[in-house]
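Shown next: data.txt, containing compact mmCIF, C-alpha atoms.
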# COMPACT_ATOMS: atom_id res chain seq x y z
CA MET A 1405 0.00 0.00 0.00
CA SER A 1406 1.44 3.36 -0.98
CA ARG A 1407 1.56 6.18 1.55
CA LYS A 1408 -0.23 9.37 0.66
CA HIS A 1409 1.73 12.57 1.15
CA TYR A 1410 0.77 16.15 0.45
CA ARG A 1411 3.52 17.94 -1.46
CA LEU A 1412 4.23 21.47 -0.43
CA SER A 1413 6.42 24.08 -2.08
CA ASN A 1414 8.89 23.63 0.77
CA GLY A 1415 8.25 20.17 2.20
CA ILE A 1416 5.93 17.24 2.67
CA VAL A 1417 3.03 16.88 5.09
CA GLY A 1418 2.52 13.17 5.70
CA ARG A 1419 -0.44 11.01 6.61
CA VAL A 1420 -2.09 11.69 9.95
CA SER A 1421 -1.86 9.10 12.74
CA VAL A 1422 -4.54 9.04 15.41
CA ILE A 1423 -3.03 8.52 18.88
CA SER A 1424 -6.20 8.77 21.00
CA LEU A 1425 -9.90 9.20 20.24
CA GLY A 1426 -10.30 11.12 23.50
CA GLU A 1427 -12.78 10.70 26.30
CA ILE A 1428 -16.47 10.07 25.83
CA ASN A 1429 -18.32 12.77 27.69
CA GLU A 1430 -22.07 12.35 27.28
CA GLU A 1431 -22.85 15.74 28.81
CA MET A 1432 -20.64 17.54 26.29
CA SER A 1433 -21.92 15.42 23.40
CA LYS A 1434 -25.37 16.95 23.99
CA GLN A 1435 -23.98 20.44 23.39
CA MET A 1436 -23.95 21.51 19.74
CA SER A 1437 -20.61 23.31 20.14
CA TRP A 1438 -18.89 19.91 20.43
CA TRP A 1439 -20.16 18.82 17.00
CA HIS A 1440 -19.12 19.77 13.48
CA PHE A 1441 -21.61 19.48 10.64
CA GLU A 1442 -20.67 19.70 6.97
CA ARG A 1443 -22.91 20.63 4.05
CA THR A 1444 -22.51 17.07 2.77
CA GLY A 1445 -24.33 15.74 5.82
CA LYS A 1446 -21.19 14.33 7.49
CA HIS A 1447 -20.71 15.21 11.11
CA TYR A 1448 -17.94 14.77 13.69
CA ARG A 1449 -18.05 14.84 17.45
CA TYR A 1450 -15.07 16.57 19.00
CA GLN A 1451 -13.92 14.51 21.96
CA PRO A 1452 -11.76 16.25 24.58
CA GLY A 1453 -8.44 14.45 24.70
CA PHE A 1454 -8.48 13.55 20.99
CA HIS A 1455 -4.85 13.42 19.86
CA SER A 1456 -3.35 12.97 16.41
CA LYS A 1457 0.08 13.50 14.92
CA ARG A 1458 1.02 14.59 11.42
CA PRO A 1459 4.64 14.32 10.21
CA VAL A 1460 6.27 17.14 8.24
CA THR A 1461 9.52 16.81 6.26
CA PHE A 1462 11.24 19.98 5.05
CA PRO A 1463 13.35 20.22 1.85
CA ASP A 1464 16.61 20.11 3.82
CA GLY A 1465 15.54 16.75 5.28
CA THR A 1466 14.60 18.16 8.67
CA LYS A 1467 11.65 16.29 10.15
CA SER A 1468 9.09 17.53 12.59
CA GLY A 1469 5.77 16.30 13.85
CA ILE A 1470 2.68 18.37 14.48
CA ASP A 1471 0.67 17.24 17.50
CA CYS A 1472 -3.04 18.02 17.14
CA ARG A 1473 -5.36 17.88 20.14
CA VAL A 1474 -8.90 18.76 21.13
CA VAL A 1475 -8.78 20.46 24.50
CA ARG A 1476 -11.32 21.69 27.00
CA LEU A 1477 -10.40 24.93 28.67
CA ASP A 1478 -11.83 26.04 32.00
CA ASN A 1479 -14.85 28.33 31.69
CA VAL A 1480 -15.13 27.74 27.93
CA ILE A 1481 -18.16 25.85 26.62
CA ALA A 1482 -16.81 24.98 23.17
CA PRO A 1483 -13.80 22.85 22.22
CA ARG A 1484 -10.42 24.38 21.46
CA PHE A 1485 -8.01 22.99 18.90
CA LYS A 1486 -4.34 22.85 19.80
CA CYS A 1487 -1.40 22.25 17.47
CA THR A 1488 2.14 21.97 18.78
CA ALA A 1489 5.42 21.46 16.91
CA THR A 1490 9.11 22.27 17.09
CA HIS A 1491 10.19 24.86 14.55
CA PRO A 1492 12.81 23.19 12.30
CA LYS A 1493 15.04 26.28 11.98
CA THR A 1494 14.89 27.77 15.48
CA GLY A 1495 14.25 24.66 17.56
CA LEU A 1496 11.61 26.60 19.52
CA LEU A 1497 8.30 25.06 20.49
CA VAL A 1498 5.39 26.52 18.50
CA ASP A 1499 2.01 26.25 20.23
CA VAL A 1500 -1.33 27.32 18.73
CA ILE A 1501 -4.79 27.19 20.32
CA GLU A 1502 -7.75 28.25 18.19
CA SER A 1503 -11.52 28.01 18.28
CA SER A 1504 -11.62 26.08 14.98
CA ALA A 1505 -9.57 23.14 13.78
CA SER A 1506 -9.02 24.82 10.40
CA ALA A 1507 -7.62 27.97 12.00
CA ALA A 1508 -5.26 25.93 14.21
CA ALA A 1509 -4.02 23.79 11.31
CA ASN A 1510 -3.35 26.67 8.96
CA LYS A 1511 -1.80 28.89 11.64
CA ILE A 1512 0.69 26.22 12.77
CA LEU A 1513 1.75 25.68 9.15
CA ASP A 1514 2.25 29.43 8.74
CA LEU A 1515 4.29 29.66 11.95
CA LEU A 1516 6.46 26.72 10.83
CA ASP A 1517 7.08 28.56 7.53
CA VAL A 1518 5.41 25.77 5.56
CA ASN A 1519 4.23 27.36 2.32
CA THR A 1520 1.48 25.38 0.70
CA ASN A 1521 -0.98 25.92 -2.11
CA LYS A 1522 -3.51 23.99 -0.04
CA ARG A 1523 -5.73 25.54 2.58
CA TRP A 1524 -6.26 22.65 4.96
CA SER A 1525 -9.66 21.81 6.38
CA GLY A 1526 -9.42 21.27 10.12
CA PRO A 1527 -11.26 17.93 10.11
CA GLU A 1528 -8.92 16.62 7.40
CA PHE A 1529 -5.73 17.92 9.06
CA PHE A 1530 -6.63 16.66 12.55
CA GLY A 1531 -7.82 13.28 11.21
CA PHE A 1532 -11.51 13.58 12.05
CA THR A 1533 -12.41 12.46 8.51
CA LYS A 1534 -10.61 9.13 8.85
CA PRO A 1535 -13.16 6.26 8.65
CA ASP A 1536 -12.03 4.79 11.98
CA VAL A 1537 -12.59 8.17 13.70
CA ALA A 1538 -15.75 9.54 12.08

As structure tokens - that is how I would like this structure written.
Amino acid sequence: MSRKHYRLSNGIVGRVSVISLGEINEEMSKQMSWWHFERTGKHYRYQPGFHSKRPVTFPDGTKSGIDCRVVRLDNVIAPRFKCTATHPKTGLLVDVIESSASAAANKILDLLDVNTNKRWSGPEFFGFTKPDVA
């Protein structure tokens, strides 16, 4: 089976690996803010504790991994989407928390200086669209 990679102008974003599906919280699952609905009729439940990892390889061969998580912050009703990675040039930890998965995915790529022609959808980047997750 061939691996699917997304080619970028300055690197490769590899296939997402799901580490944890998160915790089932029935109370939160009743709140609409913990669900994502697409026009196609697909829907995803955002589980706090969901964790996925997406590898990134830069043209110079430097490798990094982007950790993607769904987090629950105190006093916030809706989920937050966190992406964390080590910047390949500076070695500094880059941490992003956004109110949408798409915003978190695209912001972390910008901060890592990953130039891409693709605007990532959050569900795709985080791995929510994988059949074993959805």

Which centre and which edge lengths, in Å to one decimal, describe the axis-aligned box that holds all listed atoms of stretch 1502-1509 of chain A after 4 Å is added on each side, as lines of an AutoDock Vina configuration file?
center_x = -7.8
center_y = 25.7
center_z = 14.3
size_x = 15.6
size_y = 13.1
size_z = 15.9

Atom CA of A:Val1420 and atom CA of A:Gly1465, how far apart in Å?
-> 18.9 Å

Pairwise distance, atom CA of A:Asp1478 with atom CA of A:Gly1453, equals 14.1 Å

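When all atoms listed in the file are used to measure the gap to A:Ser1468, the shortest distance among A:Thr1490, A:Ser1456, A:Asn1510, A:Thr1533 belongs to A:Thr1490.
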
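Computed from the coordinates, the atom CA of A:Asp1514 to atom CA of A:Lys1534 distance equals 24.0 Å.
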
Residues at most 7 Å from A:Arg1484, counting all atoms listed in the file, excluding those fewer than 4 positions away in the same chain, as number ranges by chain?
-> A: 1474-1476, 1501-1504

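Closest approach to A:Leu1513 from the set A:Thr1494, A:Ala1489, A:Phe1530, A:Val1422 is made by A:Ala1489, with distances taken over all atoms listed in the file.
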
Residue nearest A:Thr1488 among A:Ile1470, A:Ala1505, A:Ile1423, A:Leu1515 (counting all atoms listed in the file) = A:Ile1470

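Residue nearest A:Val1500, chosen from A:Tyr1448, A:Trp1524, A:Phe1485, A:Phe1462 and counting only C-alpha atoms: A:Phe1485.
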
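Closest approach to A:Ile1481 among A:Glu1431, A:Phe1529, A:Asp1517, A:Gly1495: A:Glu1431, based on only C-alpha atoms.
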
A:Val1498 proximity check over A:Pro1452, A:Pro1483, A:Gly1445, A:Gly1469, using only C-alpha atoms: winner is A:Gly1469
